[in-house]
Amino acid sequence: MAALVAVAGADGRAGTFKPRKCGEITVRKNGSDYNYSVKVFQAPLACATAQATISRFILSGVVPRKWICRYGHSRDAWAATCARIAKNGPIVRVYLIAG
């Protein structure tokens, strides 16, 4: 559990990969559409991979192999996050777009 908190809670530090916007995704769940903005932190990752990984997690709750994922809670600004299990691996976060 500590690894999950350490990986999912990591933020960019000086000298590390600059967070990158990867567009928006729309997820249809229980008959409603939810729009999210997607960002990649800490290490490079193709936007298509980031979008597919986090969409799959939001829709099914299934964590992809070699990833750690969780939903945001209370004070988290993001709705969900997935981090590749590797030292300094990429972190994908989605933020609900109000509307």
# chains A, B, ... in the order shown; residues from 1 in each chain; ligands from 1
>>> residues_around(residues="stretch 17-34 of chain A", least_positions_apart="2", cutoff="12 Å", atoms="only C-alpha atoms", output="NGL selection string")
:A and (10-15 or 36-61 or 79 or 88-99)
>>> select_by_dssp(residues="stretch 16-58 of chain A", states="strand (DSSP E)", output="list in words")
Phe17, Lys18, Pro19, Arg20, Lys21, Cys22, Gly23, Glu24, Ile25, Thr26, Val27, Arg28, Lys29, Ser32, Asp33, Tyr34, Asn35, Tyr36, Ser37, Val38, Lys39, Val40, Phe41 and Gln42 of chain A
>>> select_by_dssp(residues="chain A", states="helix (DSSP H, G or I)", output="ChimeraX atom specification")
/A:2-8,47-60
>>> atom_distance(atom1="atom CA of A:Arg65", atom2="atom CA of A:Lys87")
15.7 Å
